[in-house]
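Visitor: The structure follows.
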Amino acid sequence: MSEEARKQRIEEINQMRSEGIEPYPYRFEKTHWAGQIKEDFSGLKDSETREDITVRTAGRVVAMRNHGKSTFFVLRDNTDRIQAYIRLDGVGAKKFEVFKKYVNIGDFVGVTGFPFKTHTGEISIFVKHFEILSKAIRMMPEKWHGVKDKEIIYRQRYVEMLSSDEALERFRIRSELFRLVREFLQSRDFVEVDTPMLHYLTGGASARPFKTHINVFESEMYLRIAEELFLKRFLVGGFERIFEIGKNFRNEGVSYKHHPEFTMMELYWAYADYNDIMDITEEMINYVVREITGSEIITYQGKEIDFSRPWRRVKMASFIEENLGVDILEDSNDEMIAVLKKHNAEPDIKERGHLIEKLWDLVEHNLVNPTFVTEHPVIISPLSKIHREDPRVTERFELIISSMEMANAFSELNDPIEQCDRFLHQAGLRDIGDEEAQMMDQDFIRALEYGMPPTGGLGVGWDRIIMLVTDAPSIRDIIPFPLVRPISFDEEEALSNSEE
RNA sequence: GGGCCGUUAGCUCAGCAGGCAGAGCGAUUGAUUCUUAAUCAAUAGGUUGCAGGUUCGAUCCCUGCACGGCUCACCA
């Protein structure tokens, strides 16, 4: 039937044109948003009209209640919904017929009229003129349950958005969050820069990259897994406070907190160290959360998360030792393997760094409130400076909230000789089959040889913060168009049903 | 990749110990000039995800596949 309904709509459109009505006109001038009208005229008394005022607004028709010679319908725009009231003696018999015949739920309509409040107290527009602005030929989802099918929600996000104010709000918050982050950083003299997404070498993180190929240079390329190494070249060049917000790509698993394409922000602050970065991270995330949710304490998936400062700080080695009784700084690999075996979490590669990462994974889920985990061993931190007081660890922290790693930061290693050694160690890992180990980047070393100021750097996975502030259970819920398994359009149409 | 669950009308969902496939919304037609999940009357709408098997007969039982969700593994 949907197919039949669609054909009927197409037939209607032809009919409209034959009557000289354009179903897809070019523009409409709004004087008010729906939300504005509600706000501006909230003071009206029931049944009060303001015929002296003319408002013009437009949106999608999301509800229609026909009464014969009058009709109530609801327009939804990007601010709110507003009720409109059209009646025969308001627009004339001819136009009223056009409305009844051609305006359906789902169409975009522009109206001109005056504001009034109904007997029952709803601010509405009394329609004097209306224009059909765009005809929809597919049927809208169910009006109060909306779309629940995850398949439609992820593959046809526009359908979720057009039928769910909550979905619209979720993505509005996403945008608002990045606006707040920029505002926060710009007010502290950080400059937004951008670096390439196509790399000949991957670095700055441990992850498997997506491979691609560039025809002009007949060379293999990778989509970036981090911004880090290019941003540091900015520091060599003379920038002192920079940040970049952009997509990174990691050719790895998908889970509620992992998505192959995600939005990362990196920030570099010359003459600062990881303690300064910890402070600014705390301040920035606390600010963003407060601005968006209005509170320092939020509920995420039924759990309370308290963002009030200062945040807890724990040393990685102490935290692991407290929870698992193994010392990642002093105990032997065999001792660590024994503990991992007990938890059935032995990694494939029995190299010390991997063992430490594995042990960490076992305890990470114990952290709900924002917690800085600090002083990571040197072996798993190839881009961090050695700790000024303990040569076994680095000046590094990760921020954990709700068992998710939200940020990673360190006093950036700027000693070119040592950086070269660290890369060599990573290269050794690649040789023993670690596809995630970093590649030697000789141009980056060369850049460091020209001198980079002491610098604190930070990476934040904002997608996950957005999950928290929107109470979204999965990262796919806050990425507007998440990656989905490809299926042919025919199959997809079979799912949403319709078509040819 | 493993385990569990799911896929029925455009949407949200029922259903059947194997026996002509249902409701609400939405759509169409009609009535209705203050409704708001409007109301009332009528109509249309389905290869029950796909392919096999068992059976007189399968939406239902079995197998395989596709897609999705959760979870474990993997992974910042």
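As shown in the structure tokens, the chain order sets the letters A, B, ...; within each chain, residues go from 1, and ligands are also counted from 1 in the order they appear.
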Counting only C-alpha atoms (C1' of nucleotides), which residues from chain A have an atom at most 8 Å from any atom of chain B, and could you show them as a compact mmCIF listing (two decimals) with C-alpha atoms, in the first residue's frame?
Guide:
# COMPACT_ATOMS: atom_id res chain seq x y z
CA MET A 1 0.00 0.00 0.00
CA SER A 2 2.80 2.35 0.71
CA ALA A 5 0.18 5.79 -1.50
CA ARG A 65 -7.14 17.56 12.53
CA HIS A 67 -13.22 19.55 10.94
CA GLY A 68 -14.88 20.01 7.62
CA LYS A 69 -14.91 23.74 7.11
CA SER A 70 -11.86 24.23 9.35
CA THR A 71 -8.68 22.38 10.07
CA PHE A 72 -6.05 22.47 12.77
CA ARG A 87 -10.83 27.82 7.93
CA LEU A 88 -13.01 28.38 4.97
CA THR A 118 -7.45 28.96 21.34
CA HIS A 119 -10.23 28.43 23.87
CA THR A 120 -8.09 25.70 25.32
CA ARG A 138 6.52 9.00 1.21
CA MET A 139 4.46 8.26 4.26
CA MET A 140 5.72 9.56 7.56
CA PRO A 141 6.43 7.22 10.48
CA GLU A 142 3.87 6.58 13.16
CA LYS A 143 2.97 9.77 14.98
CA TRP A 144 3.50 8.93 18.59
CA HIS A 145 5.75 5.91 18.71
CA GLY A 146 7.94 7.27 15.95
CA VAL A 147 10.60 5.01 14.49
CA LYS A 148 12.04 2.36 16.78
CA LYS A 150 17.42 0.60 14.70
CA GLU A 151 17.91 -0.37 11.12
CA SER A 206 48.33 2.93 18.36
CA GLU A 252 39.12 -1.56 14.22
CA GLY A 253 36.15 -2.98 16.00
CA HIS A 258 34.09 2.60 19.38
CA GLU A 405 38.67 6.72 28.00
CA LEU A 495 13.33 -3.01 4.41
CA SER A 496 11.71 0.39 4.43
CA ASN A 497 9.33 -0.96 1.86
CA SER A 498 8.26 0.76 -1.28
Visitor: Within stretch 177-419 of chain A, find each residue whose DSSP state, derived from the backbone, is alpha helix (DSSP H), and express the selection as a ChimeraX atom specification.
Guide: /A:177-186,228-237,274-293,316-324,333-342,352-364,416-419
Visitor: Using only C-alpha atoms (C1' of nucleotides), which protein or nucleic acid residues come within 9 Å of A:Asp306? Drop anything in the same chain fewer than 5 positions from it, and give the result as a PyMOL selection string.
Guide: chain A and resi 296-299+368-370
Visitor: Calculated over only C-alpha atoms (C1' of nucleotides), which of the candidates B:U43, B:G18, B:C4, B:C70 has the smallest distance to B:G30?
Guide: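 Ranking B:U43, B:G18, B:C4, B:C70 by distance to B:G30, first place goes to B:U43.
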Visitor: So, with only C-alpha atoms (C1' of nucleotides) as the atoms that count, which of B:U71, B:U8, B:U55, B:U47 lies closest to B:G22?
Guide: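 That would be B:U8, the residue with the smallest distance to B:G22.
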Visitor: Of the residues A:Ala338, A:Ile82, A:Ile105, A:Val111, which is the one nearest to A:Val62, using only C-alpha atoms?
Guide: A:Ile105
Visitor: Can you list, as a list of chain:residue names, every protein, DNA or RNA residue that comes within 9 Å of A:Ser411 when you count only C-alpha atoms (C1' of nucleotides), leaving out same-chain residues fewer than 5 positions away?
Guide: A:Ala272, A:Asp273, A:Tyr274, A:Asn275, A:Ile277, A:Leu383, A:Ser384, A:Lys385, A:Ile386, A:His387, A:Thr394, A:Glu395, A:Arg396, A:Pro454, A:Thr455, A:Gly456, A:Gly457
Visitor: I'd like the contact shell of stretch 37-41 of chain A - 10 Å cut-off, only C-alpha atoms (C1' of nucleotides), skipping same-chain residues fewer than 2 positions apart - returned as a short mmCIF file (atom, residue, chain, number, x, y, z; two decimals) with all heavy atoms, in the first residue's frame.
Guide:
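Once written, out11.cif looks like this:
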data_model
loop_
_atom_site.label_atom_id
_atom_site.label_comp_id
_atom_site.auth_asym_id
_atom_site.auth_seq_id
_atom_site.Cartn_x
_atom_site.Cartn_y
_atom_site.Cartn_z
N THR A 31 9.03 35.32 9.08
CA THR A 31 9.27 36.40 10.03
C THR A 31 9.52 35.82 11.43
O THR A 31 10.10 36.47 12.28
CB THR A 31 8.08 37.37 10.12
OG1 THR A 31 6.93 36.62 10.54
CG2 THR A 31 7.80 38.02 8.78
N HIS A 32 9.04 34.62 11.66
CA HIS A 32 9.14 34.04 13.00
C HIS A 32 9.46 32.55 12.93
O HIS A 32 8.99 31.85 12.04
CB HIS A 32 7.79 34.15 13.74
CG HIS A 32 7.42 35.55 14.14
ND1 HIS A 32 7.02 36.49 13.22
CD2 HIS A 32 7.35 36.14 15.36
CE1 HIS A 32 6.73 37.62 13.86
NE2 HIS A 32 6.93 37.43 15.16
N TRP A 33 10.22 32.10 13.92
CA TRP A 33 10.33 30.66 14.15
C TRP A 33 9.09 30.21 14.92
O TRP A 33 8.47 31.03 15.62
CB TRP A 33 11.54 30.33 15.03
CG TRP A 33 12.87 30.76 14.49
CD1 TRP A 33 13.64 31.77 14.96
CD2 TRP A 33 13.56 30.20 13.38
NE1 TRP A 33 14.79 31.86 14.23
CE2 TRP A 33 14.76 30.92 13.25
CE3 TRP A 33 13.28 29.16 12.49
CZ2 TRP A 33 15.70 30.63 12.25
CZ3 TRP A 33 14.22 28.87 11.50
CH2 TRP A 33 15.40 29.59 11.38
N ALA A 34 8.81 28.95 14.86
CA ALA A 34 7.68 28.42 15.63
C ALA A 34 7.86 28.73 17.11
O ALA A 34 6.94 29.20 17.79
CB ALA A 34 7.56 26.91 15.41
N GLY A 35 9.06 28.49 17.59
CA GLY A 35 9.33 28.70 19.01
C GLY A 35 9.18 30.16 19.41
O GLY A 35 8.72 30.48 20.51
N GLY A 43 1.72 35.47 26.42
CA GLY A 43 0.91 36.27 27.34
C GLY A 43 -0.54 36.43 26.94
O GLY A 43 -1.34 36.98 27.71
N LEU A 44 -0.90 35.98 25.75
CA LEU A 44 -2.31 36.11 25.31
C LEU A 44 -3.23 35.34 26.24
O LEU A 44 -2.87 34.30 26.78
CB LEU A 44 -2.48 35.56 23.89
CG LEU A 44 -1.74 36.28 22.76
CD1 LEU A 44 -2.12 35.66 21.41
CD2 LEU A 44 -2.04 37.77 22.75
N LYS A 45 -4.43 35.89 26.39
CA LYS A 45 -5.44 35.17 27.17
C LYS A 45 -6.14 34.16 26.26
O LYS A 45 -6.11 34.31 25.02
CB LYS A 45 -6.48 36.15 27.73
CG LYS A 45 -5.89 37.07 28.80
CD LYS A 45 -6.97 37.74 29.62
CE LYS A 45 -7.39 39.09 29.07
NZ LYS A 45 -6.33 40.12 29.12
N THR A 49 -7.17 37.24 20.26
CA THR A 49 -6.53 37.27 18.95
C THR A 49 -5.72 38.55 18.82
O THR A 49 -6.00 39.55 19.49
CB THR A 49 -7.57 37.26 17.81
OG1 THR A 49 -8.38 38.45 17.91
CG2 THR A 49 -8.47 36.05 17.91
N ARG A 50 -4.69 38.52 17.96
CA ARG A 50 -3.89 39.71 17.67
C ARG A 50 -3.89 39.93 16.18
O ARG A 50 -2.89 39.75 15.49
CB ARG A 50 -2.46 39.51 18.19
CG ARG A 50 -2.32 39.59 19.70
CD ARG A 50 -2.78 40.90 20.29
NE ARG A 50 -2.02 42.04 19.76
CZ ARG A 50 -0.90 42.52 20.32
NH1 ARG A 50 -0.42 42.00 21.41
NH2 ARG A 50 -0.28 43.55 19.77
N VAL A 55 2.28 37.22 11.21
CA VAL A 55 3.45 36.35 11.31
C VAL A 55 3.50 35.45 10.09
O VAL A 55 2.47 35.04 9.55
CB VAL A 55 3.43 35.49 12.59
CG1 VAL A 55 3.50 36.37 13.83
CG2 VAL A 55 2.20 34.60 12.65
N ARG A 56 4.73 35.19 9.66
CA ARG A 56 4.93 34.26 8.54
C ARG A 56 5.91 33.20 9.02
O ARG A 56 7.00 33.50 9.47
CB ARG A 56 5.54 34.98 7.33
CG ARG A 56 4.56 35.88 6.58
CD ARG A 56 5.30 36.77 5.58
NE ARG A 56 5.93 36.03 4.51
CZ ARG A 56 5.29 35.52 3.45
NH1 ARG A 56 3.97 35.64 3.35
NH2 ARG A 56 5.95 34.87 2.51
N THR A 57 5.48 31.99 8.95
CA THR A 57 6.40 30.93 9.35
C THR A 57 6.17 29.71 8.48
O THR A 57 5.19 29.64 7.73
CB THR A 57 6.27 30.58 10.85
OG1 THR A 57 7.39 29.80 11.24
CG2 THR A 57 5.01 29.81 11.15
N ASP A 80 10.63 24.39 17.16
CA ASP A 80 9.50 23.90 17.95
C ASP A 80 8.37 23.50 17.00
O ASP A 80 8.55 23.47 15.80
CB ASP A 80 9.02 25.03 18.89
CG ASP A 80 8.26 24.49 20.11
OD1 ASP A 80 7.88 23.31 20.11
OD2 ASP A 80 8.05 25.28 21.04
N ARG A 81 7.21 23.26 17.60
CA ARG A 81 6.01 23.00 16.81
C ARG A 81 5.02 24.11 17.09
O ARG A 81 4.95 24.61 18.21
CB ARG A 81 5.37 21.68 17.24
CG ARG A 81 6.25 20.50 16.95
CD ARG A 81 5.80 19.26 17.69
NE ARG A 81 6.69 18.16 17.33
CZ ARG A 81 6.28 17.05 16.70
NH1 ARG A 81 5.00 16.86 16.42
NH2 ARG A 81 7.14 16.12 16.36
N ILE A 82 4.29 24.50 16.09
CA ILE A 82 3.27 25.54 16.30
C ILE A 82 1.99 25.11 15.61
O ILE A 82 2.01 24.61 14.49
CB ILE A 82 3.76 26.91 15.77
CG1 ILE A 82 2.75 28.02 16.07
CG2 ILE A 82 4.03 26.87 14.28
CD1 ILE A 82 2.80 28.55 17.49
N GLN A 83 0.86 25.31 16.29
CA GLN A 83 -0.42 24.94 15.69
C GLN A 83 -0.91 26.05 14.78
O GLN A 83 -0.77 27.23 15.10
CB GLN A 83 -1.45 24.68 16.79
CG GLN A 83 -2.82 24.32 16.24
CD GLN A 83 -3.77 23.86 17.31
OE1 GLN A 83 -3.92 22.69 17.55
NE2 GLN A 83 -4.42 24.81 17.97
N PRO A 115 -1.45 35.75 15.16
CA PRO A 115 -1.41 34.86 16.31
C PRO A 115 -2.67 34.96 17.16
O PRO A 115 -3.28 36.03 17.23
CB PRO A 115 -0.20 35.36 17.10
CG PRO A 115 -0.01 36.77 16.69
CD PRO A 115 -0.53 36.90 15.29
N PHE A 116 -3.04 33.87 17.76
CA PHE A 116 -4.16 33.88 18.70
C PHE A 116 -4.03 32.70 19.64
O PHE A 116 -3.20 31.82 19.42
CB PHE A 116 -5.50 33.84 17.96
CG PHE A 116 -5.86 32.48 17.40
CD1 PHE A 116 -6.86 31.70 18.00
CD2 PHE A 116 -5.22 31.98 16.27
CE1 PHE A 116 -7.20 30.45 17.48
CE2 PHE A 116 -5.56 30.73 15.75
CZ PHE A 116 -6.56 29.97 16.36
N LYS A 117 -4.79 32.75 20.69
CA LYS A 117 -4.79 31.64 21.62
C LYS A 117 -6.16 30.97 21.55
O LYS A 117 -7.19 31.64 21.61
CB LYS A 117 -4.51 32.14 23.04
CG LYS A 117 -3.80 31.12 23.90
CD LYS A 117 -3.37 31.73 25.22
CE LYS A 117 -2.07 31.14 25.74
NZ LYS A 117 -1.64 31.76 26.98
N GLU A 122 -4.01 27.12 23.55
CA GLU A 122 -2.84 26.83 22.72
C GLU A 122 -2.57 27.99 21.77
O GLU A 122 -3.43 28.41 21.00
CB GLU A 122 -3.07 25.55 21.91
CG GLU A 122 -1.97 25.31 20.91
CD GLU A 122 -1.34 23.94 21.01
OE1 GLU A 122 -1.86 23.12 21.80
OE2 GLU A 122 -0.35 23.70 20.31
N ILE A 123 -1.33 28.49 21.83
CA ILE A 123 -0.95 29.58 20.92
C ILE A 123 -0.93 29.03 19.50
O ILE A 123 -0.33 27.99 19.24
CB ILE A 123 0.43 30.13 21.32
CG1 ILE A 123 0.34 30.78 22.69
CG2 ILE A 123 0.93 31.14 20.29
CD1 ILE A 123 1.65 30.84 23.41
N SER A 124 -1.63 29.72 18.61
CA SER A 124 -1.81 29.21 17.25
C SER A 124 -1.72 30.35 16.26
O SER A 124 -1.71 31.52 16.63
CB SER A 124 -3.19 28.55 17.13
OG SER A 124 -3.40 27.62 18.16
N ILE A 125 -1.65 29.98 14.99
CA ILE A 125 -1.67 30.98 13.93
C ILE A 125 -3.00 30.85 13.19
O ILE A 125 -3.36 29.75 12.74
CB ILE A 125 -0.53 30.75 12.92
CG1 ILE A 125 0.82 30.79 13.65
CG2 ILE A 125 -0.58 31.78 11.81
CD1 ILE A 125 1.96 30.27 12.80
#
Visitor: Which residues are near A:Ile349? Cut-off 9 Å, only C-alpha atoms (C1' of nucleotides), ignore same chain within fewer than 6 positions. Put them as an MDAnalysis selection string.
Guide: chainID A and resid 355 432:434
Visitor: Please save C-alpha atoms of the selected residues as a short mmCIF file (atom, residue, chain, number, x, y, z; two decimals), in the first residue's frame.
Guide:
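Result written to again-v5.cif:
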data_model
loop_
_atom_site.label_atom_id
_atom_site.label_comp_id
_atom_site.auth_asym_id
_atom_site.auth_seq_id
_atom_site.Cartn_x
_atom_site.Cartn_y
_atom_site.Cartn_z
CA LEU A 355 50.66 -7.05 29.07
CA ILE A 432 56.96 -8.99 15.91
CA GLY A 433 53.51 -8.57 14.41
CA ASP A 434 52.05 -5.60 16.26
#
Visitor: Rounded to one decimal place, report the atom CA of A:Arg17-atom CA of A:Tyr158 distance in Å.
Guide: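 Distance reported for this atom pair: 27.4 Å.
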Visitor: Expressed in Å to a single decimal, how great is the separation between atom CA of A:Glu166 and atom CA of A:Gly106?
Guide: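 So the two atoms, atom CA of A:Glu166 and atom CA of A:Gly106, lie 17.8 Å apart.
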Visitor: Enumerate the residues of stretch 245-449 of chain A with a DSSP assignment of strand (DSSP E), computed from the backbone, and present them as an MDAnalysis selection string.
Guide: chainID A and resid 245:249 261:270 297:300 303:306 312:315 371:374 396:401 404:411
